[in-house]
Amino acid sequence: MSDEPELVIAGAGIAGLALAAGLTHARAPWRYRLLDERPALGSTGGAISLWPAALDALDRVGVGAAVRAAGHAVGPGSVRTRAGRVIRSLDLPLLAVRRGVLVEILHAAVVPGSVGFGCRVTGYRCTGTGVRVETTGGPIDAAALVGADGFRSLVARTLHPGLAEAYAGFPAWRGLTTAPGVEPVQLWGRRQELGVVPLGADLAYWFATVREPEGGTAADELAHVVRAFRGWPDPVTRVLAATDPATVSRNDVLDREWLRHWTDGPVVVVGDAAHPMRPHLGQGGGQALVDVALLADLLARGDVPAAAFAAFERARRRPTRRVVRASRAASLLVDAPGAVHRLSALVPDRVVLRALRG
Ligand SMILES: Cc1cc2nc3c(=O)[nH]c(=O)nc-3n(C[C@H](O)[C@H](O)[C@H](O)COP(=O)(O)OP(=O)(O)OC[C@H]3O[C@@H](n4cnc5c(N)ncnc54)[C@H](O)[C@@H]3O)c2cc1C
């Protein structure tokens with residue numbers, strides 16, 4: 001058995017897997033073990049758009065070429081009013097990729113057998129030499145713990161007991177559809193929006209938000225979305241009509257209090273566990289990738305975990321807070337009256353792109 005120190009990574013989502021891939025790629029002097037409460041590798045939410053900083057981070061963890069080969073360059077698109085009038089045209093430097101494919105590429109880049117599925121992290125305690133991680137499979141004594149365990153992060157809630165969260169006022173729906181030749185478009189209506197992003201010649205994904213009470217579920221979520229967007233201009237009707245209902249997911253969007261600190265000695269949080277954000281700018285996954293590319297570099301240098309984690313927090317707190325705020329501002333813009341939507345056309349493209357790039 002290797003005498004390298006062991007890192008436990010709670011969560012094998014985008015952030016956890018990419019961190020492990022990055023450690024392997026950088027030949028970092030660490031053994032790692034990922035634990036995920038899910039029974040198997042998987043991902044909901046159809047597809048994801050990645051901005052250039054996210055692609056750069058994927059290059060740094062060693063899988064950029066594979067993701068580019070599997071994804072689709074998005075290209076020119078538009079933001080439109082509910083009547084279909086163009087508010088803004090933009091050439092989007094985005095790569096769209098199916099989430100399941102991204103997760104499989106990341107999983108193929110980690111040490112075989114290093115992911116323990118069906119294992120939930122239930123707590124941790126710092127010890128003189130590292131951290132004791134409590135799990136449903138028993139305790140693990142490790143040198144360090146990374147919480148890549150998403151919005152509801154047990155690690156973040158242990159760092160900051162009583163961490164508050166509140167319903168943002170809308171669920172987000174996502175789905176996969178067949179839409180030959182569709183162009184990227186985002187349509188803004190009265191407190192609701194629908195965006196379509198091509199994933200290839202025929203395939204596309206869409207996302208939608210509608211103001212409605214928390215905790216709702218419809219027997220048929222697709223029919224619910226179709227009703228909410230009845231009468232909207234092309235391509236909304238044909239995109240929804242061609243959607244496979246099995247690919248439609250619904251999540252209530254929640255805001256979480258800003259985490260007071262991300263580290264506690266040999267413990268750190270990354271990705272949504274550290275800085276969840278509203279989904280409107282499509283930045284959460286990309287920021288998680290930027291986090292872990294940096295963290296893998298710092299750990300590969302051989303610094304002690306507490307020093308690497310503190311340097312990580314210093315570097316990433318301010319930029320991620322900016323993106324969290326920009327995502328909220330984008331959400332408030334969707335909620336604004338139509339006149340404000342139209343006035344937003346006065347903001348120069350370069351300012352919008354700078355905000356969108358994160
Ligand atoms: C509608 C919508 C659209 C979005 N679109 C985009 C987009 O286009 N581009 C983009 O970059 N981002 C997008 N995002 C954001 C993106 O999905 C998230 O930021 C990203 O998934 C965060 O990754 P993560 O690995 O930090 O967390 P997660 O993906 O939440 O992964 C956390 C993992 O931890 C596991 N876990 C949780 N608790 C425990 C525990 N106690 N023990 C063990 N395992 C645990 C979970 O099972 C999960 O596998 C979107 C989000 C939404 C809601």
# chains A, B, ... in the order shown; residues from 1 in each chain; ligands from 1
>>> residues_around(residues="Ala26 of chain A", least_positions_apart="3", cutoff="8 Å", atoms="only C-alpha atoms", output="PyMOL selection string")
chain A and resi 22-23+61+296-297+300
>>> write_last_selection(atoms="N, CA, C and O atoms", output="JSON list (two decimals), in the first residue's frame")
[["chain", "number", "residue", "atom", "x", "y", "z"],
["A", 22, "GLY", "N", -7.82, 15.79, -11.90],
["A", 22, "GLY", "CA", -6.72, 16.75, -11.88],
["A", 22, "GLY", "C", -5.55, 16.26, -11.04],
["A", 22, "GLY", "O", -4.38, 16.44, -11.40],
["A", 23, "LEU", "N", -5.84, 15.61, -9.91],
["A", 23, "LEU", "CA", -4.76, 15.09, -9.05],
["A", 23, "LEU", "C", -4.00, 13.99, -9.79],
["A", 23, "LEU", "O", -2.77, 13.92, -9.74],
["A", 61, "VAL", "N", -7.10, 19.74, -16.03],
["A", 61, "VAL", "CA", -7.26, 18.45, -15.34],
["A", 61, "VAL", "C", -7.13, 17.27, -16.32],
["A", 61, "VAL", "O", -7.34, 16.12, -15.95],
["A", 296, "ALA", "N", -6.22, 21.27, -7.48],
["A", 296, "ALA", "CA", -5.35, 20.15, -7.87],
["A", 296, "ALA", "C", -3.90, 20.65, -8.04],
["A", 296, "ALA", "O", -2.95, 19.99, -7.59],
["A", 297, "ASP", "N", -3.74, 21.82, -8.66],
["A", 297, "ASP", "CA", -2.38, 22.39, -8.82],
["A", 297, "ASP", "C", -1.73, 22.63, -7.46],
["A", 297, "ASP", "O", -0.56, 22.31, -7.25],
["A", 300, "ALA", "N", -0.80, 19.42, -5.84],
["A", 300, "ALA", "CA", 0.29, 18.73, -6.55],
["A", 300, "ALA", "C", 1.65, 19.31, -6.15],
["A", 300, "ALA", "O", 2.68, 18.63, -6.27]]
>>> residues_around(residues="segment 191-200 of chain A", least_positions_apart="6", cutoff="9 Å", atoms="only C-alpha atoms", output="VMD selection string")
chain A and resid 47 49 71 to 74 77 79 82 95 to 98 170 179 to 185 206 to 211 228 to 229 235 to 236 239 333 to 337
>>> closest_residue(among="A:Ser78, A:Thr263, A:Thr247, A:Thr136", to="ligand 1", atoms="only C-alpha atoms and all ligand atoms")
A:Thr136
>>> residues_around(residues="Thr122 of chain A", least_positions_apart="4", cutoff="9 Å", atoms="only C-alpha atoms", output="MDAnalysis selection string")
chainID A and resid 133:136 154:155
>>> closest_residue(among="A:Leu254, A:Ala310, A:Val110, A:Leu102", to="Gly169 of chain A", atoms="only C-alpha atoms")
A:Leu254
>>> residues_around(residues="Gly75 of chain A", least_positions_apart="5", cutoff="8 Å", atoms="only C-alpha atoms", output="list of chain:residue names")
A:Asp91, A:Leu92, A:Pro93, A:Leu94, A:Pro184
>>> residues_around(residues="Ala164 of chain A", least_positions_apart="5", cutoff="10 Å", atoms="only C-alpha atoms", output="list in words")
Arg157, Asp255, Arg256, Glu257, Trp258 and Leu259 of chain A
>>> closest_residue(among="A:Gly113, A:Pro348, A:Gly45, A:Pro52", to="ligand 1", atoms="only C-alpha atoms and all ligand atoms")
A:Gly45
>>> atom_distance(atom1="atom CA of Val103 of chain A", atom2="atom CA of Gln287 of chain A")
15.8 Å
>>> atom_distance(atom1="atom CA of Gly130 of chain A", atom2="atom CA of Ala108 of chain A")
28.6 Å
>>> closest_residue(among="A:Arg190, A:Arg132, A:His275, A:His261", to="ligand 1", atoms="only C-alpha atoms and all ligand atoms")
A:His275
